[in-house]
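Written below as structure tokens is the structure these notes are about.
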Amino acid sequence: MNRHFVHPYMPNSAPSVERRMLSAVGVNSVEEIYTSIIPQDLLFKGTMNIPTPFTGEHELKKHVSGILAKNTNTEEALSFLGAGCYKRYVPAVCDEIANRAEFLTAYCGDTYSDHGKMQAIFEYASMMSELLDCDVVSYPTYDAGQAVSSSFRMALRLLSGRKTILVPSCMNPEIRSMAESYCRGCGTLVPVKAPDGLIDMADFEAKLSGDVAAVFVENPSFLGVFEPNARAIIDRAHARGALAIVMPDVCALGVMMPPSQYGADISCGEIQPLGMHMQFGSGCGGFIALADNPQLIAELPTYLYGIARTSVDGEYGWGRALYSRCSHMSRENAKEYFGTESGLWGIVAGTYLACMGPQGMKELGTRLMTYAEYAMQSLAALRGLRVNPSNGKVLQEFVVDFNATGLTVEHINAQLLEHNIFGGFNLTKAFPEQGERALYCVNDTITVSDIKTLCAALDSILRGEN
């Protein structure tokens with residue numbers, strides 16, 4: 001880069017300003033600083049092969065837009081992908097609230113930059129507590145992976161003599177990978193057989209030892225089916241002194257009993273389906289919820305937001321509760337470290353829940369289950385397909401078994417892309433024992449016509465007509 005180029009996005013890049021800064025530290029060039037602190041054998045010598053910078057905003061936008069145009073996104077193609085991140089209808093008001101300057105730019109929500117952010121997060125937590133039937137809901141974590149991992153660490157801290165967390169063998173592979181790393185050094189994740197998404201009770205009971213700190217249940221499971229033995233699993237865990245941690249799908253809670261009502265000590269999961277677009281890895285947030293249990297609350301690593309009366313009758317203030325637990329108060333004594341995380345998405349989720357209300361969430365859950373059932377019946381009529389092998393009840397996702405077709409999921413998905421369709425999530429890498437199976441998702445933007453389009457494309461592929 002030209003050393004005398006004044007970059008519009010780099011402060012203090014004007015030559016006169018640079019000279020004054022160098023003079024203040026007693027050197028003649030930036031290179032002198034580098035050579036004084038970096039050993040010669042580590043110092044890069046030569047010129048880096050960096051492209052010529054774009055000096056205008058229009059040129060930069062055109063370049064980036066050209067790169068993005070290489071992607072095929074879910075607005076252009078019909079998508080049956082899910083597996084933890086979902087294309088959902090997002091009410092316009094959610095985007096409007098997310099982009100308000102006082103929420104988008106107010107860092108952390110401290111008193112100097114709050115502008116209503118603390119109240120908005122408190123309202124989010126209040127609506128989530130109603131949905132989950134819990135007393136306490138955490139400030140949003142980065143995503144479901146961190147919410148689950150922190151919940152595991154909470155159990156391991158509370159039951160410090162125990163080192164095992166029982167998890168289903170079909171657990172979301174990304175979350176399991178995160179949790180294994182997060183718990184390394186303090187606990188071990190032990191899988192319980194769940195070949196088609198339902199926990200094998202005999203294997204569960206055989207592994208439920210006195211070393212188990214917690215039992216984890218995804219309900220519905222990663223493979224889409226609701227766990228009919230959830231209450232029995234939790235009762236058995238409690239009988240052995242272990243905690244029960246359940247990850248529900250928030251979109252099911254308008255029609256299904258929340259985990260707290262069948263014994264869960266901790267409920268945790270993902271809020272991305274509550275008004276957030278798919279954003280190439282962003283737009284995620286996790287929640288941790290529990291009853292008013294002082295011992296468990298003391299183990300929560302994240303912020304809690306509370307309400308208090310003010311000196312003015314009828315007016316209230318909002319702020320962080322039990323602040324001393326978290327790393328922003330005392331890093332050396334904190335339960336875990338956490339960053340600024342996903343407060344904006346908590347505000348968006350609160351906006352979504354306020355728009356939907358109890359009736360809207362009930363209608364959402366009913367629609368998802370109804371359309372998923374229609375899709376399963378339609379796909380089951382195609383030659384060689386086995387749909388929902390467990391025969392369990394599903395919310396929106398289900399397994400499609402292609403083993404009898406002689407085709408691989410990779411091949412089928414490549415062919416579906418020729419029809420401008422994203423097929424189901426390929427299960428063969430994460431769960432090789434499944435063989436050629438895919439996880440299909442029917443979200444709330446999928447119509448009957450879309451399902452017919454998928455079936456027609458798959459029928460053509462299975463007949464070898466592509």
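Note on naming: chains are A, B, ... as they come in the structure tokens, residues start from 1 per chain, ligands start from 1 in the order shown.
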Contacts of Thr445 (chain A) at 9 Å or less, counting only C-alpha atoms, minus same-chain residues fewer than 5 places along, as number ranges by chain? A: 87-89
Counting only C-alpha atoms, what is within 9 Å of region 256-263 of chain A, bar same-chain residues fewer than 3 positions away, as a ChimeraX atom specification? /A:131-134,219,230-231,234-235,238,244-248,250,252-253,266-267,290-291,362,365
One number please: CA of Gly283 (chain A) to CA of Leu395 (chain A), in Å, one decimal.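 Between CA of Gly283 (chain A) and CA of Leu395 (chain A) the gap works out to 22.0 Å.
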If you count only C-alpha atoms, which residues fall within 12 Å of Ala456 (chain A), apart from same-chain ones fewer than 5 positions away, as a compact mmCIF listing (two decimals) with C-alpha atoms, in the first residue's frame?
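Output file selection.txt is given in full below:
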```txt
# COMPACT_ATOMS: atom_id res chain seq x y z
CA SER A 378 -45.85 -37.44 -0.02
CA LEU A 379 -42.22 -38.57 0.06
CA ALA A 381 -45.04 -42.63 -1.84
CA LEU A 382 -41.85 -42.36 -3.91
CA ARG A 383 -40.05 -45.51 -5.01
CA LEU A 416 -31.67 -31.40 -6.67
CA HIS A 419 -33.70 -28.20 -10.01
CA ILE A 421 -33.63 -27.08 -4.65
CA SER A 449 -46.73 -26.45 -3.93
CA ASP A 450 -43.10 -26.48 -2.73
CA ILE A 451 -43.52 -30.01 -1.36
CA ILE A 461 -33.89 -38.33 -10.01
CA LEU A 462 -34.85 -41.74 -8.60
CA ARG A 463 -36.08 -42.83 -12.05
CA GLU A 465 -34.30 -39.19 -15.77
CA ASN A 466 -31.77 -36.47 -14.84
```
Spatial neighbours of Glu130 (chain A), 10 Å, only C-alpha atoms, chain gap at least 6 places, as a PyMOL selection string: chain A and resi 136-137+258+358
Include all heavy atoms and write out the residues we just selected as an mmCIF file, in the first residue's frame.
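This went into out26.cif:
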```
data_model
loop_
_atom_site.group_PDB
_atom_site.id
_atom_site.type_symbol
_atom_site.label_atom_id
_atom_site.label_comp_id
_atom_site.auth_asym_id
_atom_site.auth_seq_id
_atom_site.Cartn_x
_atom_site.Cartn_y
_atom_site.Cartn_z
ATOM 1 N N VAL A 136 -36.314 -17.913 35.550
ATOM 2 C CA VAL A 136 -35.103 -17.160 35.220
ATOM 3 C C VAL A 136 -34.650 -17.523 33.813
ATOM 4 O O VAL A 136 -34.553 -18.704 33.470
ATOM 5 C CB VAL A 136 -33.982 -17.473 36.227
ATOM 6 C CG1 VAL A 136 -32.698 -16.752 35.841
ATOM 7 C CG2 VAL A 136 -34.399 -17.088 37.640
ATOM 8 N N VAL A 137 -34.373 -16.516 32.991
ATOM 9 C CA VAL A 137 -33.834 -16.731 31.646
ATOM 10 C C VAL A 137 -32.598 -15.851 31.489
ATOM 11 O O VAL A 137 -32.618 -14.659 31.804
ATOM 12 C CB VAL A 137 -34.869 -16.388 30.550
ATOM 13 C CG1 VAL A 137 -34.239 -16.492 29.160
ATOM 14 C CG2 VAL A 137 -36.069 -17.314 30.647
ATOM 15 N N PRO A 258 -43.546 -27.525 27.852
ATOM 16 C CA PRO A 258 -42.146 -27.129 28.001
ATOM 17 C C PRO A 258 -41.403 -28.098 28.909
ATOM 18 O O PRO A 258 -42.006 -28.761 29.759
ATOM 19 C CB PRO A 258 -42.246 -25.738 28.629
ATOM 20 C CG PRO A 258 -43.555 -25.721 29.323
ATOM 21 C CD PRO A 258 -44.467 -26.585 28.501
ATOM 22 N N PRO A 358 -49.222 -15.863 22.456
ATOM 23 C CA PRO A 358 -49.485 -17.293 22.670
ATOM 24 C C PRO A 358 -50.224 -17.953 21.510
ATOM 25 O O PRO A 358 -49.893 -19.070 21.107
ATOM 26 C CB PRO A 358 -50.319 -17.307 23.955
ATOM 27 C CG PRO A 358 -49.946 -16.059 24.657
ATOM 28 C CD PRO A 358 -49.700 -15.049 23.584
#
```
Could you go through region 204-326 of chain A and tell me which residues DSSP, when run on the backbone, assigns to alpha helix (DSSP H), listing them as a PyMOL selection string? chain A and resi 204-207+230-239+294-297
Just N, CA, C and O atoms for this one: save the residues we selected as a short mmCIF file (atom, residue, chain, number, x, y, z; two decimals), in the first residue's frame.
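So the final result, stored in selection.cif, reads:
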```
data_model
loop_
_atom_site.label_atom_id
_atom_site.label_comp_id
_atom_site.auth_asym_id
_atom_site.auth_seq_id
_atom_site.Cartn_x
_atom_site.Cartn_y
_atom_site.Cartn_z
N PHE A 204 -29.36 -46.54 28.26
CA PHE A 204 -29.36 -45.38 29.16
C PHE A 204 -29.22 -45.83 30.61
O PHE A 204 -28.38 -45.32 31.37
N GLU A 205 -30.03 -46.79 31.02
CA GLU A 205 -30.00 -47.25 32.41
C GLU A 205 -28.67 -47.92 32.73
O GLU A 205 -28.17 -47.81 33.86
N ALA A 206 -28.09 -48.59 31.76
CA ALA A 206 -26.80 -49.25 31.99
C ALA A 206 -25.69 -48.23 32.23
O ALA A 206 -24.72 -48.52 32.95
N LYS A 207 -25.81 -47.05 31.64
CA LYS A 207 -24.77 -46.02 31.75
C LYS A 207 -25.06 -44.97 32.82
O LYS A 207 -24.23 -44.09 33.07
N ALA A 230 -39.11 -38.94 27.65
CA ALA A 230 -38.40 -37.83 28.29
C ALA A 230 -38.64 -37.79 29.80
O ALA A 230 -37.70 -37.63 30.58
N ARG A 231 -39.88 -37.91 30.22
CA ARG A 231 -40.17 -37.84 31.65
C ARG A 231 -39.52 -39.01 32.39
O ARG A 231 -38.94 -38.83 33.47
N ALA A 232 -39.58 -40.20 31.82
CA ALA A 232 -38.98 -41.37 32.47
C ALA A 232 -37.47 -41.21 32.58
O ALA A 232 -36.86 -41.56 33.60
N ILE A 233 -36.85 -40.68 31.53
CA ILE A 233 -35.40 -40.44 31.55
C ILE A 233 -35.04 -39.47 32.66
O ILE A 233 -34.09 -39.69 33.43
N ILE A 234 -35.82 -38.40 32.77
CA ILE A 234 -35.53 -37.39 33.79
C ILE A 234 -35.77 -37.93 35.19
O ILE A 234 -34.97 -37.70 36.12
N ASP A 235 -36.84 -38.68 35.38
CA ASP A 235 -37.12 -39.27 36.70
C ASP A 235 -35.99 -40.20 37.13
O ASP A 235 -35.57 -40.19 38.30
N ARG A 236 -35.48 -41.00 36.20
CA ARG A 236 -34.40 -41.92 36.54
C ARG A 236 -33.11 -41.15 36.86
O ARG A 236 -32.34 -41.54 37.73
N ALA A 237 -32.88 -40.06 36.12
CA ALA A 237 -31.70 -39.24 36.39
C ALA A 237 -31.78 -38.63 37.79
O ALA A 237 -30.80 -38.66 38.55
N HIS A 238 -32.94 -38.10 38.13
CA HIS A 238 -33.12 -37.50 39.45
C HIS A 238 -32.96 -38.54 40.56
O HIS A 238 -32.40 -38.25 41.64
N ALA A 239 -33.44 -39.74 40.31
CA ALA A 239 -33.33 -40.80 41.31
C ALA A 239 -31.88 -41.14 41.62
O ALA A 239 -31.55 -41.60 42.73
N PRO A 294 -31.75 -20.99 43.90
CA PRO A 294 -30.56 -20.17 44.16
C PRO A 294 -29.25 -20.87 43.83
O PRO A 294 -28.31 -20.22 43.33
N GLN A 295 -29.16 -22.18 44.07
CA GLN A 295 -27.92 -22.89 43.77
C GLN A 295 -27.62 -22.90 42.28
O GLN A 295 -26.49 -22.66 41.85
N LEU A 296 -28.66 -23.17 41.47
CA LEU A 296 -28.45 -23.18 40.02
C LEU A 296 -28.22 -21.78 39.48
O LEU A 296 -27.38 -21.56 38.60
N ILE A 297 -28.98 -20.82 40.00
CA ILE A 297 -28.83 -19.44 39.53
C ILE A 297 -27.41 -18.94 39.77
O ILE A 297 -26.83 -18.23 38.95
#
```
Restrict the calculation to only C-alpha atoms, then for each residue of region 178-294 of chain A with any atom at most 8 Å from an atom of region 153-168 of chain A give the closest atom pair and their distance in Å to one decimal, rows by chain and rising residue number, as a Markdown table.
```
| residue | atom | partner | partner_atom | distance |
| --- | --- | --- | --- | --- |
| A:Tyr182 | CA | A:Arg153 | CA | 8.0 |
| A:Cys183 | CA | A:Arg153 | CA | 6.5 |
| A:Cys186 | CA | A:Lys163 | CA | 6.6 |
| A:Gly187 | CA | A:Lys163 | CA | 4.4 |
| A:Thr188 | CA | A:Thr164 | CA | 5.0 |
| A:Leu189 | CA | A:Ile165 | CA | 4.8 |
| A:Val190 | CA | A:Leu166 | CA | 5.0 |
| A:Pro191 | CA | A:Val167 | CA | 4.9 |
| A:Val192 | CA | A:Pro168 | CA | 4.8 |
| A:Lys193 | CA | A:Pro168 | CA | 6.3 |
| A:Ala194 | CA | A:Pro168 | CA | 5.8 |
| A:Ile199 | CA | A:Pro168 | CA | 6.4 |
| A:Lys207 | CA | A:Leu166 | CA | 7.9 |
| A:Leu208 | CA | A:Leu166 | CA | 7.8 |
| A:Gly210 | CA | A:Arg162 | CA | 7.5 |
| A:Asp211 | CA | A:Arg162 | CA | 4.6 |
| A:Val212 | CA | A:Thr164 | CA | 4.5 |
| A:Ala213 | CA | A:Arg162 | CA | 5.2 |
| A:Ala214 | CA | A:Ile165 | CA | 5.1 |
| A:Val215 | CA | A:Leu166 | CA | 4.8 |
| A:Phe216 | CA | A:Val167 | CA | 5.0 |
| A:Val217 | CA | A:Val167 | CA | 6.8 |
| A:Glu218 | CA | A:Pro168 | CA | 8.0 |
| A:Leu243 | CA | A:Ala155 | CA | 6.8 |
```
So which residues touch Gly384 (chain A) within 10 Å, counting only C-alpha atoms, skipping near sequence neighbours fewer than 5 positions away, as a list in words? Leu379, Asp401, Phe402, Asn403, Ala404, Thr405, Gly406, Asp459 and Leu462 of chain A
DSSP on the backbone: what in region 225-327 of chain A comes out strand (DSSP E or B), as a PyMOL selection string? chain A and resi 225+243-248+266-270+279+282+286-290+305-309+316-320
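Going from CA of Ser330 (chain A) over to CA of Ser181 (chain A), you cover 23.5 Å.
Closest approach to Ala354 (chain A) among A:Ala308, A:Leu274, A:Cys441, A:Ala457 is made by A:Leu274 (distances from only C-alpha atoms).
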Which residue of A:Pro220, A:Gly145, A:Pro15, A:Pro228 approaches Met201 (chain A) most closely, using only C-alpha atoms: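 Of the candidates, the smallest distance to Met201 (chain A) is held by A:Pro228.
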Selected residue of minimal separation from Gly269 (chain A) among A:Ala147, A:Leu458, A:Leu81, A:Ala375, counting only C-alpha atoms: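 Using only C-alpha atoms, Gly269 (chain A) sits closest to A:Ala147.
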Quick one: everything within 9 Å of Gly424 (chain A), counting only C-alpha atoms, minus sequence neighbours fewer than 4 positions away in the same chain. Send it as a list in words. Ser79, Phe80, Leu81, Gly82, Ala83, Val399, Val400, Val409, Asn413, Arg437, Ala438, Leu439, Tyr440 and Cys441 of chain A
Just the selected residues (C-alpha atoms), exported as a PDB file, in the first residue's frame, please.
```
ATOM      1  CA  SER A  79     -34.655 -25.026   0.737  1.00  0.00           C
ATOM      2  CA  PHE A  80     -35.368 -28.125   2.829  1.00  0.00           C
ATOM      3  CA  LEU A  81     -32.294 -27.603   4.995  1.00  0.00           C
ATOM      4  CA  GLY A  82     -32.530 -27.244   8.763  1.00  0.00           C
ATOM      5  CA  ALA A  83     -30.268 -29.078  11.218  1.00  0.00           C
ATOM      6  CA  VAL A 399     -35.139 -38.514   8.254  1.00  0.00           C
ATOM      7  CA  VAL A 400     -35.405 -39.735   4.670  1.00  0.00           C
ATOM      8  CA  VAL A 409     -27.312 -38.408  -0.649  1.00  0.00           C
ATOM      9  CA  ASN A 413     -28.475 -33.285  -3.431  1.00  0.00           C
ATOM     10  CA  ARG A 437     -29.861 -40.753   4.921  1.00  0.00           C
ATOM     11  CA  ALA A 438     -30.749 -37.068   4.948  1.00  0.00           C
ATOM     12  CA  LEU A 439     -32.555 -34.818   7.406  1.00  0.00           C
ATOM     13  CA  TYR A 440     -35.322 -32.842   5.692  1.00  0.00           C
ATOM     14  CA  CYS A 441     -36.889 -29.715   7.179  1.00  0.00           C
TER      15      CYS A 441
END
```
